[in-house]
Amino acid sequence: MIAIIDYDAGNLASVARAVTHLGYACTVTHDAEEIRRAGRIIFPGVGAAGAAMASLRRTGLDAVLKEQFAAGKPIMGICLGTQVVMGHSEENDTVCLGIIAGRVKLFPARLENASGQKLKIPHMGWNTIRVSRPHPLFAGLRPEDEFYFVHSYYPVPDDPSCVLANSDYGIVFASVVGYRTMAATQFHLEKSGRPGLRMLKNFCDWTPSE
Amino acid sequence: MLSKRIIPCLDVRDGRTTKGIRFKDNIDIGDPVGMARFYYEQGADEIVFYDITASHERRSIMIDVVRRVAETIFIPFSVGGGIRTLHDMREVLLAGAEKVSVNSAAVRNPEIIAEGAEAFGSQCIVLGMDAKHVGQSERIPSGYEVVINGGRTHMGMDALEWALRAERLGAGEICLNSIDADGTQEGYELNLTALVSGQVTIPVIASGGAGRPEHLREVLTVGRADAALIASMVHYGAYAISEIKSYLSRCSIPVRSTW
């Protein structure tokens, strides 16, 4: 059973639908015991970091997530979930979970592409990723595969080896991060067509080796 | 690099699509779920559903369509048409749509944009706007006026000012339809699109007038659009999405080429 963490951070049903479509059993839950019983955890979310952390603290799920990570359970962060697992976010100046040491930064205001055109924020739409560290998550993907992003902030791990893949949007930023049994994508796996579903399936099948 | 998005738009009335794919006999051309799957497999980057159901009582049919689409395709899709309240937005988003689009309801009550953005996040809220060229005047400095009711009702609002205001209110994206170009298949309104897209900082989807792949090339370059809405040119089988994308790619426009 896969526990999809429910913490008032957007529509989690789409993640559940994608997991179900892949043939894995999942439950959308905020129940600590159910999360502890689950074989793995997906931590999605859209919205703002401040409200998300407030909700996690209020429900005690912040402690449950840290405890489950310490216990070696595979955890997949998606979008806001990916930002909230970092140490600190510039969004609402928020202290986050700190499962991966590092910060979450706002895209610079004057972003330009290679041809000098102004780029819009949020970074919304399809973009490629460049794998910087091989990981079971990337099995079966092609370099030209694209993923669906919607975000204005991006993660910056302290330890560069926690960057699993980068993307370009005026700057190079980490679009997939990971540390031990935690893996997290800035893009929406559940909305990224075949490559997204493949990566989600890779997570569902992943047995961390440590 | 971020790809330019190609977005088919499906009109749905009482749970059935109103335009179909003539040459495809293996799918039910009236079934929005089947058509969504068809375009998903063809490489659409996103899909827009526009609900033209006349009566409010039959809205629940659309919610059921949204739910079934969400179980079938795994790319973002938005739903517009008849969305007037936070309750309408919540229903559509919970059923599985990524975004909702508000048009005339936002013209009448701009606060709905702010309320929607506050409740669900800006990324969910698309401002749909119909604009008509009326010539520059003191009241309409850009020369484009906001219209509703398919262009029949002029609102006395400047299209550019409305776009900027909607952005300040929290809209995450603008779907900009030219009433003059809509249905002509003779090309998008490039001036209008460039004007709005050059001024706002949120993405702009160009709408109205697509008939040939060249039209998409123009609006994604000269028109500075971030995405292009298409309808008849794909619904009636004149072009496949993959064909349009190959053309754009040959023109050095970044598009998603594998799916």
# chains A, B, ... in the order shown; residues from 1 in each chain; ligands from 1
call {"tool": "closest_atom_pairs", "arguments": {"of": "chain A", "to": "chain B", "cutoff": "9 Å", "atoms": "only C-alpha atoms", "output": "CSV"}}
result
residue,atom,partner,partner_atom,distance
A:Ala9,CA,B:Phe120,CA,8.8
A:Gly10,CA,B:Phe120,CA,6.8
A:Asn11,CA,B:Leu94,CA,6.6
A:Leu12,CA,B:Leu94,CA,8.9
A:Ala13,CA,B:Gly96,CA,7.0
A:Ser14,CA,B:Gly96,CA,6.1
A:Arg17,CA,B:Glu71,CA,6.2
A:Ala18,CA,B:Phe74,CA,7.2
A:His21,CA,B:Glu71,CA,7.6
A:Val46,CA,B:Gly121,CA,7.5
A:Gly47,CA,B:Gly121,CA,5.6
A:Ala48,CA,B:Gly121,CA,8.1
A:Asn113,CA,B:Met1,CA,8.0
A:Leu119,CA,B:Thr201,CA,8.1
A:Lys120,CA,B:Thr201,CA,5.2
A:Ile121,CA,B:Ile202,CA,6.3
A:Pro122,CA,B:Ile202,CA,7.0
A:His123,CA,B:Leu2,CA,8.0
A:Met124,CA,B:Pro203,CA,7.6
A:Gly125,CA,B:Leu2,CA,6.6
A:Trp126,CA,B:Ser3,CA,5.5
A:Asn127,CA,B:Leu2,CA,4.8
A:Thr128,CA,B:Met1,CA,7.0
A:Arg142,CA,B:Thr258,CA,8.9
A:Glu144,CA,B:Thr258,CA,6.8
A:Asp145,CA,B:Thr258,CA,5.9
A:Glu146,CA,B:Arg256,CA,6.6
A:Tyr148,CA,B:Ile75,CA,7.9
A:Val150,CA,B:Gln123,CA,7.1
A:His151,CA,B:Gln123,CA,8.4
A:Ser167,CA,B:Met1,CA,7.7
A:Asp168,CA,B:Met1,CA,5.5
A:Tyr169,CA,B:Met1,CA,6.0
A:Gly170,CA,B:Met1,CA,8.2
A:Leu189,CA,B:Phe74,CA,8.9
A:Glu190,CA,B:Phe74,CA,6.1
A:Lys191,CA,B:Ile75,CA,4.2
A:Ser192,CA,B:Ile75,CA,5.5
A:Gly193,CA,B:Phe74,CA,4.9
A:Arg194,CA,B:Trp259,CA,5.9
A:Pro195,CA,B:Trp259,CA,7.0
A:Gly196,CA,B:Phe74,CA,8.4
A:Leu197,CA,B:Phe74,CA,8.0
call {"tool": "select_by_dssp", "arguments": {"residues": "chain A", "states": "alpha helix (DSSP H)", "output": "PyMOL selection string"}}
result
chain A and resi 13-21+32-37+49-59+61-70+80-84+193-205
call {"tool": "write_last_selection", "arguments": {"atoms": "C-alpha atoms", "output": "compact mmCIF listing (two decimals), in the first residue's frame"}}
result
# COMPACT_ATOMS: atom_id res chain seq x y z
CA ALA A 13 -6.80 12.81 -6.28
CA SER A 14 -4.86 13.19 -9.53
CA VAL A 15 -1.82 11.54 -7.96
CA ALA A 16 -4.02 8.74 -6.63
CA ARG A 17 -5.61 8.27 -10.05
CA ALA A 18 -2.20 7.95 -11.71
CA VAL A 19 -0.98 5.41 -9.12
CA THR A 20 -4.21 3.42 -9.46
CA HIS A 21 -3.91 3.54 -13.26
CA ALA A 32 -0.27 8.63 11.12
CA GLU A 33 -0.83 4.91 11.71
CA GLU A 34 -1.92 4.33 8.13
CA ILE A 35 1.19 6.18 6.91
CA ARG A 36 3.39 4.04 9.20
CA ARG A 37 1.81 0.84 7.87
CA ALA A 49 5.14 26.60 1.45
CA GLY A 50 4.01 28.60 4.49
CA ALA A 51 0.48 27.22 4.53
CA ALA A 52 1.73 23.71 3.77
CA MET A 53 4.20 23.66 6.67
CA ALA A 54 1.60 25.17 9.01
CA SER A 55 -0.78 22.38 8.10
CA LEU A 56 1.91 19.70 8.53
CA ARG A 57 2.82 21.04 11.99
CA ARG A 58 -0.78 21.37 13.09
CA THR A 59 -1.49 17.75 12.19
CA LEU A 61 2.56 14.98 9.98
CA ASP A 62 5.90 16.83 9.89
CA ALA A 63 7.19 14.51 12.62
CA VAL A 64 5.66 11.44 10.98
CA LEU A 65 7.40 12.19 7.67
CA LYS A 66 10.79 12.74 9.33
CA GLU A 67 10.36 9.57 11.37
CA GLN A 68 9.40 7.53 8.31
CA PHE A 69 12.38 8.87 6.39
CA ALA A 70 14.67 7.98 9.32
CA LEU A 80 5.41 21.63 -3.45
CA GLY A 81 6.20 18.39 -1.62
CA THR A 82 9.68 18.58 -3.11
CA GLN A 83 10.18 22.09 -1.79
CA VAL A 84 8.80 21.33 1.66
CA GLY A 193 2.05 11.75 -19.74
CA ARG A 194 3.95 8.53 -20.42
CA PRO A 195 7.38 9.63 -19.08
CA GLY A 196 5.78 10.87 -15.86
CA LEU A 197 3.86 7.65 -15.38
CA ARG A 198 7.04 5.68 -16.06
CA MET A 199 8.93 7.59 -13.39
CA LEU A 200 6.05 7.13 -10.96
CA LYS A 201 6.07 3.40 -11.70
CA ASN A 202 9.84 3.34 -11.16
CA PHE A 203 9.26 4.83 -7.72
CA CYS A 204 6.52 2.31 -6.94
CA ASP A 205 8.96 -0.51 -7.80
call {"tool": "atom_distance", "arguments": {"atom1": "atom CA of Leu190 of chain B", "atom2": "atom CA of His215 of chain B"}}
result
9.4 Å
call {"tool": "select_by_dssp", "arguments": {"residues": "segment 13-131 of chain A", "states": "strand (DSSP E)", "output": "PyMOL selection string"}}
result
chain A and resi 26-29+40-43+75-78+88-89+94-95+102-106+123-128+130-131
call {"tool": "atom_distance", "arguments": {"atom1": "atom CA of His30 of chain A", "atom2": "atom CA of Ile4 of chain A"}}
result
8.4 Å
call {"tool": "residues_around", "arguments": {"residues": "Thr181 of chain A", "least_positions_apart": "4", "cutoff": "8 Å", "atoms": "only C-alpha atoms", "output": "ChimeraX atom specification"}}
result
/A:69,72-75,208
call {"tool": "residues_around", "arguments": {"residues": "Arg152 of chain B", "least_positions_apart": "2", "cutoff": "12 Å", "atoms": "only C-alpha atoms", "output": "PyMOL selection string"}}
result
chain B and resi 130-132+145-150+154-155+179-180
call {"tool": "write_last_selection", "arguments": {"atoms": "C-alpha atoms", "output": "CSV table (one decimal), in the first residue's frame"}}
result
chain,number,residue,atom,x,y,z
B,130,ASP,CA,-12.9,37.5,-25.7
B,131,ALA,CA,-11.5,40.6,-27.3
B,132,LYS,CA,-12.7,42.6,-30.3
B,145,GLU,CA,-12.4,45.8,-26.1
B,146,VAL,CA,-13.6,43.0,-23.9
B,147,VAL,CA,-16.8,41.4,-25.1
B,148,ILE,CA,-19.0,38.6,-23.8
B,149,ASN,CA,-21.9,36.6,-25.2
B,150,GLY,CA,-19.9,35.5,-28.2
B,154,HIS,CA,-19.5,45.1,-25.5
B,155,MET,CA,-18.3,45.7,-21.9
B,179,ILE,CA,-13.6,37.4,-31.7
B,180,ASP,CA,-12.6,38.8,-35.0
